[in-house]
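target-v2.cif, holding mmCIF, C-alpha atoms:
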data_query
loop_
_atom_site.label_atom_id
_atom_site.label_comp_id
_atom_site.auth_asym_id
_atom_site.auth_seq_id
_atom_site.Cartn_x
_atom_site.Cartn_y
_atom_site.Cartn_z
CA MET A 9 -44.97 -25.45 22.65
CA ASP A 10 -43.10 -24.41 25.79
CA LYS A 11 -44.80 -23.70 29.11
CA PHE A 12 -46.25 -20.20 29.68
CA GLU A 13 -46.77 -18.62 33.03
CA VAL A 14 -47.67 -15.20 34.40
CA ILE A 15 -44.90 -14.11 36.74
CA SER A 16 -46.31 -10.83 38.06
CA ALA A 17 -49.58 -9.00 38.47
CA ASP A 18 -48.72 -6.58 35.67
CA GLY A 19 -49.12 -9.32 33.02
CA LYS A 20 -45.54 -10.31 32.08
CA TRP A 21 -45.13 -13.67 30.34
CA THR A 22 -42.19 -16.05 30.48
CA VAL A 23 -41.03 -18.84 28.21
CA ASN A 24 -38.37 -21.01 29.83
CA GLY A 25 -37.30 -18.10 32.01
CA LYS A 26 -37.23 -15.40 29.26
CA VAL A 27 -39.57 -12.47 30.05
CA PHE A 28 -42.02 -10.93 27.53
CA TYR A 29 -44.46 -8.05 27.99
CA THR A 30 -47.16 -9.48 25.70
CA GLU A 31 -48.58 -12.94 25.35
CA ALA A 32 -48.24 -12.70 21.54
CA ALA A 33 -44.49 -12.04 21.79
CA ALA A 34 -44.09 -14.95 24.19
CA ARG A 35 -46.02 -17.31 21.88
CA THR A 36 -44.02 -16.20 18.84
CA TYR A 37 -40.78 -16.88 20.69
CA ALA A 38 -42.02 -20.27 21.88
CA GLU A 39 -43.06 -21.26 18.33
CA GLN A 40 -39.65 -20.30 16.97
CA LYS A 41 -37.99 -22.44 19.65
CA THR A 42 -40.11 -25.47 18.80
CA ASN A 43 -40.11 -25.02 14.98
CA PRO A 44 -36.76 -23.37 14.13
CA GLN A 45 -36.04 -22.36 10.54
CA PRO A 46 -33.18 -24.23 8.90
CA GLN A 47 -30.03 -22.11 9.14
CA GLY A 48 -29.32 -20.14 6.00
CA ALA A 49 -32.84 -20.54 4.63
CA GLY A 50 -34.09 -17.16 5.84
CA ALA A 51 -34.05 -13.98 3.80
CA SER A 52 -31.85 -12.24 6.35
CA SER A 53 -29.02 -14.75 5.88
CA LYS A 54 -29.17 -14.21 2.11
CA VAL A 55 -28.83 -10.47 2.66
CA VAL A 56 -25.86 -11.02 4.97
CA TRP A 57 -24.12 -13.18 2.37
CA GLN A 58 -24.85 -10.62 -0.36
CA ILE A 59 -23.28 -7.91 1.79
CA ILE A 60 -20.22 -10.06 2.55
CA ILE A 61 -19.70 -10.97 -1.12
CA GLY A 62 -20.28 -7.36 -2.21
CA CYS A 63 -17.71 -6.06 0.27
CA ALA A 64 -15.19 -8.70 -0.81
CA LEU A 65 -15.62 -7.80 -4.48
CA ALA A 66 -15.36 -4.07 -3.77
CA TYR A 67 -12.19 -4.61 -1.73
CA ALA A 68 -10.64 -6.76 -4.45
CA ALA A 69 -11.44 -4.20 -7.15
CA PHE A 70 -10.09 -1.32 -5.05
CA SER A 71 -6.87 -3.10 -4.11
CA CYS A 72 -6.18 -4.09 -7.72
CA THR A 73 -6.70 -0.60 -9.11
CA SER A 74 -4.89 1.27 -6.35
CA SER A 75 -1.84 -1.00 -6.33
CA SER A 76 -1.45 -0.90 -10.12
CA LYS A 77 -1.87 2.87 -10.04
CA ASP A 78 0.81 3.26 -7.34
CA LYS A 79 3.21 0.95 -9.16
CA ALA A 80 2.69 2.75 -12.47
CA ALA A 81 3.39 6.11 -10.85
CA GLY A 82 6.69 5.13 -9.21
CA ILE A 83 8.62 7.93 -7.56
CA SER A 84 9.38 11.43 -8.77
CA GLU A 85 12.70 12.66 -10.13
CA SER A 86 13.38 14.62 -6.92
CA GLU A 87 12.72 11.51 -4.79
CA ALA A 88 15.12 9.53 -6.99
CA LEU A 89 17.78 12.25 -6.54
CA MET A 90 17.29 12.13 -2.77
CA LEU A 91 17.74 8.34 -2.76
CA CYS A 92 21.05 8.78 -4.58
CA GLN A 93 22.22 11.51 -2.21
CA TYR A 94 21.52 9.25 0.79
CA ALA A 95 23.26 6.32 -0.95
CA ILE A 96 26.39 8.40 -1.54
CA LYS A 97 26.46 9.49 2.09
CA GLY A 98 26.05 5.86 3.18
CA ALA A 99 28.84 4.71 0.85
CA LEU A 100 31.25 7.19 2.44
CA GLY A 101 30.84 5.45 5.79
CA ASN A 102 31.06 7.82 8.71
CA ALA A 103 30.91 11.00 6.63
CA SER A 104 29.25 13.58 8.84
CA SER A 105 28.49 15.91 5.98
CA VAL A 106 28.07 15.26 2.29
CA ASP A 107 27.20 18.05 -0.09
CA ALA A 108 25.80 16.20 -3.08
CA PRO A 109 24.05 19.11 -4.82
CA TYR A 110 21.23 19.01 -7.33
CA VAL A 111 22.29 17.60 -10.69
CA ASP A 112 20.33 16.97 -13.86
CA ASN A 113 18.67 13.63 -14.50
CA TYR A 114 20.22 11.97 -17.55
CA GLY A 115 17.98 8.92 -17.37
CA SER A 116 14.77 8.30 -19.26
CA GLY A 117 11.49 6.54 -18.70
CA ASP A 118 11.39 4.55 -15.47
CA GLU A 119 15.11 5.06 -14.82
CA SER A 120 16.88 8.10 -13.36
CA TYR A 121 20.65 8.57 -13.77
CA PHE A 122 22.57 11.21 -11.83
CA ALA A 123 26.30 12.04 -11.99
CA TRP A 124 28.44 14.24 -9.75
CA GLY A 125 31.92 15.44 -10.73
CA ALA A 126 34.85 15.70 -8.34
CA SER A 127 33.40 18.95 -6.98
CA THR A 128 31.09 17.07 -4.59
CA LYS A 129 32.39 17.76 -1.09
CA TYR A 130 32.31 15.66 2.06
CA VAL A 131 33.68 15.80 5.59
CA ARG A 132 34.96 12.65 7.31
CA GLY A 133 36.80 12.52 10.60
CA GLY A 134 37.39 16.27 10.64
CA SER A 135 39.00 16.40 7.19
CA ALA A 136 37.30 17.53 4.02
CA GLY A 137 37.55 15.92 0.62
CA ASN A 138 36.04 15.75 -2.84
CA VAL A 139 34.24 12.82 -4.34
CA SER A 140 32.82 11.89 -7.73
CA ALA A 141 29.76 9.66 -7.97
CA SER A 142 27.12 8.27 -10.29
CA CYS A 143 23.82 6.68 -9.35
CA THR A 144 20.94 4.96 -11.13
CA VAL A 145 17.44 4.58 -9.65
CA ASP A 146 14.59 2.36 -10.82
CA LYS A 147 11.64 4.66 -10.18
CA LEU A 148 9.05 1.88 -10.34
CA LYS A 149 10.89 -0.32 -7.83
CA ARG A 150 11.81 2.78 -5.78
CA LYS A 151 15.40 1.74 -5.22
CA VAL A 152 18.97 2.49 -6.21
CA THR A 153 20.09 -0.05 -8.80
CA SER A 154 23.70 1.10 -9.27
CA LEU A 155 26.11 3.34 -7.38
CA THR A 156 29.70 4.26 -8.17
CA VAL A 157 31.78 6.42 -5.80
CA ASN A 158 35.28 7.62 -6.73
CA GLY A 159 35.41 5.17 -9.63
CA GLN A 160 34.55 2.14 -7.48
CA THR A 161 31.30 0.25 -7.96
CA VAL A 162 29.42 0.11 -4.67
CA LEU A 163 26.18 -1.35 -5.95
#
So, in terms of structure tokens, how does the structure I just supplied come out?
Amino acid sequence: MDKFEVISADGKWTVNGKVFYTEAAARTYAEQKTNPQPQGAGASSKVVWQIIIGCALAYAAFSCTSSSKDKAAGISESEALMLCQYAIKGALGNASSVDAPYVDNYGSGDESYFAWGASTKYVRGGSAGNVSASCTVDKLKRKVTSLTVNGQTVL
């Protein structure tokens, strides 16, 4: 056992420089220093490992269910239409204004298909023009899979 000494008149105890207010606390500390428990053998370490494993399992279960739920949902029809409208504007290069209005979805299931006749208007470099376009979106992958503008395949 380590050396004990009283360091003040009010009865404080020290063990190798660490201060305790009771002799019992000082002796308990000294006994732990001389007879340490093997690491991992205590009940508290078992509880810590149970918490760590529990959290890991909960995280794994949550991430699996939430990601499969998000993938199964995909995007809505209006989001697919918006992707196509942006793709048409991008395909027209520096078009400052593209009026690709709402059109019906002719796709089914996980695929949306939109088509615009030659009435779709755009403005490029100060001059206006008409454009026809068709666009297909994979709603699960959330991306445009085909795009045709004025009869030319862009994507």
Pick out the residues sitting within 8 Å of Ala95 (chain A), and hand them over as a PyMOL selection string; count only C-alpha atoms, and ignore anything fewer than 3 positions along from it in its own chain.
chain A and resi 91-92+98-99+152+155
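With CA of Ser120 (chain A) on one side and CA of Ala108 (chain A) on the other, the separation reads 15.8 Å.
When only C-alpha atoms are used to measure the gap to Glu85 (chain A), the shortest distance among A:Phe122, A:Tyr37, A:Phe28, A:Trp57 belongs to A:Phe122.
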Among listed residues A:Asp112, A:Asp107, A:Asp146, A:Glu31, nearest Ser127 (chain A) (using all atoms listed in the file)
A:Asp107
Could you write out as AutoDock Vina command-line options the box around region 110-127 of chain A (axis-aligned, all atoms listed in the file, 3 Å on each side), with centre and edge lengths in Å to one decimal?
--center_x 23.1 --center_y 11.8 --center_z -13.1 --size_x 29.5 --size_y 20.5 --size_z 18.3
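Take CA of Thr144 (chain A) and CA of Ile83 (chain A): the distance between them is 13.2 Å.
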At most 12 Å from (18.7, 12.3, -15.7), file frame, all atoms listed in the file: which residues, as a ChimeraX atom specification?
/A:84-86,88-89,92,110-124,142-147
Computed interatomic separation between CA of Thr153 (chain A) and CA of Ala136 (chain A) (Å)
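So the two atoms, CA of Thr153 (chain A) and CA of Ala136 (chain A), lie 27.7 Å apart.
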